file run_36.cif (mmCIF, C-alpha atoms)
data_start
#
loop_
_atom_site.label_atom_id
_atom_site.label_comp_id
_atom_site.auth_asym_id
_atom_site.auth_seq_id
_atom_site.Cartn_x
_atom_site.Cartn_y
_atom_site.Cartn_z
CA MET A 1388 -8.69 11.45 9.97
CA ALA A 1389 -8.23 7.73 10.39
CA VAL A 1390 -5.44 6.42 8.18
CA TYR A 1391 -4.89 2.82 7.14
CA ASP A 1392 -2.04 0.96 5.55
CA PHE A 1393 -3.40 -1.51 2.97
CA ASP A 1394 -1.10 -4.52 2.52
CA GLY A 1395 -0.93 -6.71 5.61
CA THR A 1396 -3.36 -4.45 7.45
CA CYS A 1397 -6.57 -4.33 5.41
CA ILE A 1398 -5.73 -7.55 3.58
CA ASN A 1399 -3.89 -10.70 4.55
CA GLY A 1400 -0.86 -10.49 2.29
CA ASN A 1401 1.09 -8.09 0.12
CA SER A 1402 -0.50 -7.14 -3.19
CA PRO A 1403 2.74 -6.21 -5.06
CA ALA A 1404 4.31 -9.52 -3.98
CA LEU A 1405 1.22 -11.41 -5.13
CA LEU A 1406 1.23 -9.56 -8.46
CA VAL A 1407 4.66 -10.89 -9.49
CA PRO A 1408 3.69 -14.61 -9.77
CA TYR A 1409 0.38 -13.53 -11.33
CA LEU A 1410 2.30 -11.72 -14.07
CA LEU A 1411 4.59 -14.71 -14.47
CA GLY A 1412 1.60 -16.99 -14.90
CA HIS A 1413 0.26 -14.71 -17.62
CA ARG A 1414 3.70 -14.56 -19.28
CA LEU A 1415 3.89 -10.80 -18.88
CA LEU A 1416 7.05 -10.87 -16.77
CA PRO A 1417 10.16 -12.82 -17.82
CA LEU A 1418 11.65 -15.25 -15.31
CA HIS A 1419 14.97 -13.40 -15.03
CA ARG A 1420 13.14 -10.22 -14.02
CA ALA A 1421 11.08 -12.07 -11.43
CA ILE A 1422 14.34 -13.45 -9.98
CA GLU A 1423 15.75 -9.90 -9.76
CA ILE A 1424 12.61 -8.83 -7.90
CA GLY A 1425 12.91 -11.87 -5.63
CA PHE A 1426 16.46 -10.93 -4.61
CA TRP A 1427 15.27 -7.38 -3.91
CA ALA A 1428 12.47 -8.75 -1.70
CA LEU A 1429 14.95 -10.91 0.22
CA ALA A 1430 17.19 -7.91 0.89
CA TYR A 1431 14.12 -5.91 1.96
CA LYS A 1432 13.17 -8.61 4.46
CA LEU A 1433 16.68 -8.40 5.86
CA ARG A 1434 16.08 -4.65 6.25
CA LEU A 1435 18.93 -3.73 3.93
CA PRO A 1436 18.71 -0.34 2.16
CA GLN A 1437 16.74 -0.73 -1.06
CA ASN A 1438 15.59 1.41 -3.98
CA GLU A 1439 11.79 1.32 -3.80
CA SER A 1440 11.35 3.01 -7.17
CA TRP A 1441 13.67 0.52 -8.89
CA VAL A 1442 11.66 -2.55 -7.93
CA ARG A 1443 8.35 -0.95 -8.87
CA GLY A 1444 9.78 -0.10 -12.26
CA LYS A 1445 10.87 -3.71 -12.71
CA VAL A 1446 7.37 -4.98 -11.92
CA PHE A 1447 5.71 -2.40 -14.15
CA SER A 1448 7.97 -3.31 -17.05
CA ALA A 1449 5.21 -5.86 -17.70
CA PHE A 1450 2.94 -2.94 -18.59
CA GLU A 1451 5.37 -0.60 -20.30
CA GLY A 1452 3.78 1.04 -23.34
CA LYS A 1453 0.33 -0.36 -22.62
CA PRO A 1454 -2.72 1.92 -22.30
CA LYS A 1455 -3.45 2.96 -18.72
CA ALA A 1456 -7.12 1.98 -19.01
CA ASP A 1457 -6.21 -1.55 -20.12
CA VAL A 1458 -3.66 -2.00 -17.35
CA ASP A 1459 -6.03 -0.70 -14.69
CA ARG A 1460 -8.63 -3.22 -15.84
CA TYR A 1461 -6.00 -5.95 -15.60
CA LEU A 1462 -5.11 -4.86 -12.06
CA ALA A 1463 -8.81 -4.86 -11.15
CA ASP A 1464 -9.08 -8.45 -12.42
CA PHE A 1465 -5.99 -9.33 -10.41
CA TYR A 1466 -7.64 -7.89 -7.32
CA ASP A 1467 -10.80 -9.94 -7.94
CA GLU A 1468 -8.84 -13.16 -8.42
CA LYS A 1469 -6.09 -12.85 -5.82
CA ILE A 1470 -6.89 -10.11 -3.31
CA ALA A 1471 -10.66 -10.10 -2.70
CA SER A 1472 -10.52 -13.37 -0.76
CA ARG A 1473 -7.82 -11.86 1.50
CA VAL A 1474 -9.92 -8.91 2.68
CA ARG A 1475 -9.97 -8.62 6.46
CA PRO A 1476 -13.51 -8.07 7.81
CA ALA A 1477 -12.05 -6.46 10.93
CA ALA A 1478 -10.56 -3.70 8.75
CA ILE A 1479 -13.95 -3.03 7.18
CA GLU A 1480 -15.58 -2.84 10.60
CA ALA A 1481 -12.88 -0.49 11.91
CA MET A 1482 -13.41 1.83 8.94
CA ARG A 1483 -17.14 1.81 9.51
CA ARG A 1484 -16.59 2.75 13.16
CA ASP A 1485 -14.25 5.56 12.19
CA LYS A 1486 -16.71 6.93 9.64
CA ALA A 1487 -19.57 6.70 12.15
CA ALA A 1488 -17.43 8.73 14.58
CA GLY A 1489 -17.01 11.45 11.95
CA ARG A 1490 -13.47 10.65 10.86
CA LEU A 1491 -12.32 10.82 7.25
CA VAL A 1492 -10.95 7.39 6.32
CA VAL A 1493 -7.79 7.49 4.19
CA ILE A 1494 -5.78 4.59 2.77
CA VAL A 1495 -2.05 5.36 2.62
CA SER A 1496 -0.35 2.56 0.72
CA ALA A 1497 2.78 1.65 -1.20
CA SER A 1498 0.60 -0.48 -3.48
CA TRP A 1499 -0.45 0.77 -6.90
CA SER A 1500 -3.42 3.03 -7.51
CA GLY A 1501 -5.10 0.54 -9.86
CA ILE A 1502 -5.21 -2.13 -7.15
CA VAL A 1503 -6.38 0.09 -4.31
CA ALA A 1504 -8.98 1.76 -6.53
CA ARG A 1505 -10.64 -1.63 -6.97
CA ALA A 1506 -10.56 -2.14 -3.20
CA ALA A 1507 -13.07 0.71 -2.85
CA ARG A 1508 -15.70 -1.88 -3.76
CA ASP A 1509 -14.98 -3.72 -0.49
CA PHE A 1510 -13.73 -1.01 1.88
CA PRO A 1511 -15.59 2.17 2.89
CA PHE A 1512 -12.63 4.56 2.67
CA ASP A 1513 -12.99 8.16 1.53
CA HIS A 1514 -9.65 8.73 -0.16
CA ALA A 1515 -6.51 6.82 -1.08
CA LEU A 1516 -2.88 7.92 -1.37
CA THR A 1517 -1.00 5.29 -3.35
CA THR A 1518 2.06 4.70 -5.50
CA ARG A 1519 1.43 5.94 -9.03
CA MET A 1520 3.36 5.33 -12.22
CA VAL A 1521 4.06 7.94 -14.88
CA VAL A 1522 1.72 7.87 -17.89
CA ASP A 1523 3.18 9.16 -21.17
CA ASP A 1524 1.55 11.61 -23.56
CA LYS A 1525 -0.12 8.71 -25.39
CA GLY A 1526 -1.89 7.56 -22.25
CA CYS A 1527 0.39 4.55 -21.75
CA TYR A 1528 2.21 3.45 -18.62
CA THR A 1529 5.96 3.82 -18.25
CA THR A 1530 8.28 2.14 -15.74
CA GLN A 1531 8.89 5.40 -13.88
CA VAL A 1532 7.30 6.11 -10.50
CA ASP A 1533 5.40 9.39 -10.35
CA GLY A 1534 7.25 11.05 -7.50
CA LEU A 1535 8.18 8.49 -4.83
CA PRO A 1536 6.61 5.21 -3.72
CA VAL A 1537 4.28 5.83 -0.78
CA GLU A 1538 6.39 3.84 1.67
CA GLY A 1539 7.86 4.52 5.11
CA GLU A 1540 8.42 8.21 5.83
CA GLU A 1541 6.93 9.06 2.44
CA LYS A 1542 3.53 7.95 3.77
CA VAL A 1543 3.61 10.81 6.27
CA ARG A 1544 4.88 13.29 3.68
CA ALA A 1545 2.24 12.26 1.12
CA LEU A 1546 -0.52 12.49 3.71
CA THR A 1547 0.70 15.89 4.90
CA ARG A 1548 0.90 17.32 1.36
CA TRP A 1549 -2.58 16.11 0.50
CA ALA A 1550 -4.24 17.13 3.77
CA ASP A 1551 -2.60 20.59 3.82
CA GLU A 1552 -3.89 21.22 0.30
CA ALA A 1553 -7.34 19.79 1.00
CA PHE A 1554 -7.99 21.31 4.41
CA GLY A 1555 -5.23 23.84 5.12
CA LYS A 1556 -2.20 23.65 7.39
CA GLY A 1557 -3.15 23.09 11.00
CA ALA A 1558 -6.77 22.32 10.08
CA TRP A 1559 -6.49 18.54 10.30
CA CYS A 1560 -5.07 15.80 12.51
CA VAL A 1561 -4.60 12.05 12.42
CA ASP A 1562 -6.73 10.56 15.16
CA HIS A 1563 -6.33 6.83 14.41
CA ALA A 1564 -3.63 5.08 12.37
CA TYR A 1565 -3.33 1.38 11.56
CA GLY A 1566 -0.34 -0.50 10.13
CA ASP A 1567 1.31 -3.91 10.25
CA HIS A 1568 4.90 -3.43 9.10
CA HIS A 1569 7.92 -1.78 10.67
CA SER A 1570 7.93 0.69 7.76
CA ASP A 1571 4.52 1.88 9.00
CA ALA A 1572 6.00 3.15 12.28
CA PRO A 1573 6.32 6.78 11.05
CA LEU A 1574 2.65 6.77 10.04
CA LEU A 1575 1.57 5.35 13.38
CA ALA A 1576 3.76 7.81 15.23
CA CYS A 1577 1.91 10.78 13.72
CA ALA A 1578 -1.45 9.59 15.13
CA GLU A 1579 -3.03 10.34 18.47
CA ARG A 1580 -4.21 6.73 18.72
CA PRO A 1581 -1.83 4.41 16.82
CA CYS A 1582 -2.64 0.73 16.41
CA ALA A 1583 -0.34 -2.04 15.19
CA VAL A 1584 -2.35 -4.71 13.35
CA CYS A 1585 -0.84 -8.21 13.26
CA PRO A 1586 2.57 -6.49 13.50
CA ASP A 1587 5.83 -7.94 12.27
CA ASN A 1588 8.47 -8.47 14.96
CA PRO A 1589 10.16 -5.04 14.67
CA LEU A 1590 6.84 -3.19 14.79
CA GLY A 1591 5.70 -5.41 17.66
CA ARG A 1592 8.77 -4.40 19.65
CA GLU A 1593 8.28 -0.73 18.75
CA SER A 1594 4.62 -0.93 19.80
CA LYS A 1595 5.58 -2.39 23.15
CA ARG A 1596 8.24 0.27 23.66
CA ARG A 1597 5.83 3.11 22.80
CA ASP A 1598 2.80 1.52 24.42
CA TRP A 1599 0.84 1.43 21.15
CA ARG A 1600 -2.30 -0.65 20.94
CA VAL A 1601 -1.90 -4.01 19.19
CA GLU A 1602 -4.78 -5.86 17.52
CA ASP A 1603 -5.08 -9.19 15.74
CA TRP A 1604 -7.24 -8.84 12.62
CA SER A 1605 -6.34 -12.24 11.20
#
call {"tool": "encode", "arguments": {"input": "run_36.cif", "output": "structure tokens"}}
result
Amino acid sequence: MAVYDFDGTCINGNSPALLVPYLLGHRLLPLHRAIEIGFWALAYKLRLPQNESWVRGKVFSAFEGKPKADVDRYLADFYDEKIASRVRPAAIEAMRRDKAAGRLVVIVSASWSGIVARAARDFPFDHALTTRMVVDDKGCYTTQVDGLPVEGEEKVRALTRWADEAFGKGAWCVDHAYGDHHSDAPLLACAERPCAVCPDNPLGRESKRRDWRVEDWS
């Protein structure tokens, strides 16, 4: 397999962070909640311990009780308006090379399923492992994360669970892995050929220490 982080790697930017002002502009998220999310983001940048599920629940409070199909269409529109122009052509080319070499291309992302599903229009990936929210028995979204956000070490766990079920234990390996953020280090570490893409400073230092390839896709 070749595995790719999405935000900051395949696109220039962070889709959950871009979604918050988009929701504010559409009056779906109250200002006080956006401020709470902003403080969380600041603490995250400072690498302080944070509850990943909590912040995703706060963002998805904008969609609480709304039909999944309607919300997914809204997220697709958000992608078209705010994300499509941020697609990195180098990521598309890398995926094409991996597919041509016979690798299964998998997105492993903390972003939401509705956003990454729309990205399949632009990127030639085969499968995506993303953060999903619980849908109630009426088919409406809740503010509860289904399991855990696919972030940090959970990216490796989610990939392992899926690949073991799909192919069998010991029947698969990660050949290439691409990520931009220090939280992607566990995912890169599980690959035979890790690559840091436009890495943040901590991942840049880790890449130098481990002699990982570094590429600029900007």
call {"tool": "residues_around", "arguments": {"input": "run_36.cif", "residues": "Val1543 in chain A", "least_positions_apart": "6", "cutoff": "8 Å", "atoms": "all atoms listed in the file", "output": "PyMOL selection string"}}
result
chain A and resi 1573-1574+1577
call {"tool": "write_last_selection", "arguments": {"input": "run_36.cif", "atoms": "C-alpha atoms", "output": "PDB file, in the coordinates of the input"}}
result
ATOM      1  CA  PRO A1573       6.320   6.780  11.050  1.00  0.00           C
ATOM      2  CA  LEU A1574       2.650   6.770  10.040  1.00  0.00           C
ATOM      3  CA  CYS A1577       1.910  10.780  13.720  1.00  0.00           C
TER       4      CYS A1577
END
call {"tool": "resolve_selection", "arguments": {"input": "run_36.cif", "expression": "the PyMOL selection byres ((chain A and resi 1500-1506) around 8)", "output": "list in words"}}
result
Ser1402, Asp1459, Arg1460, Leu1462, Ala1463, Phe1465, Tyr1466, Ala1471, Ser1498, Trp1499, Ala1507, Arg1508, Asp1509, Phe1510, Ala1515, Leu1516, Thr1517, Thr1518 and Arg1519 of chain A
call {"tool": "resolve_selection", "arguments": {"input": "run_36.cif", "expression": "the PyMOL selection byres ((chain A and resi 1478) around 9)", "output": "VMD selection string"}}
result
chain A and resid 1391 1396 to 1398 1474 to 1477 1479 to 1483 1510 1604
call {"tool": "resolve_selection", "arguments": {"input": "run_36.cif", "expression": "the PyMOL selection byres ((chain A and resi 1527) around 12)", "output": "VMD selection string"}}
result
chain A and resid 1447 to 1448 1450 to 1459 1520 to 1526 1528 to 1531
call {"tool": "closest_residue", "arguments": {"input": "run_36.cif", "among": "A:Ala1449, A:Val1532, A:Ala1550, A:Ala1578", "to": "His1413 in chain A", "atoms": "only C-alpha atoms"}}
result
A:Ala1449
call {"tool": "residues_around", "arguments": {"input": "run_36.cif", "residues": "Gly1395 in chain A", "least_positions_apart": "6", "cutoff": "8 Å", "atoms": "all atoms listed in the file", "output": "NGL selection string"}}
result
:A and (1401 or 1566-1568 or 1585)
call {"tool": "atom_distance", "arguments": {"input": "run_36.cif", "atom1": "CA of Ser1440 in chain A", "atom2": "CA of Leu1416 in chain A"}}
result
17.4 Å
call {"tool": "atom_distance", "arguments": {"input": "run_36.cif", "atom1": "CA of Arg1420 in chain A", "atom2": "CA of Asp1587 in chain A"}}
result
27.4 Å
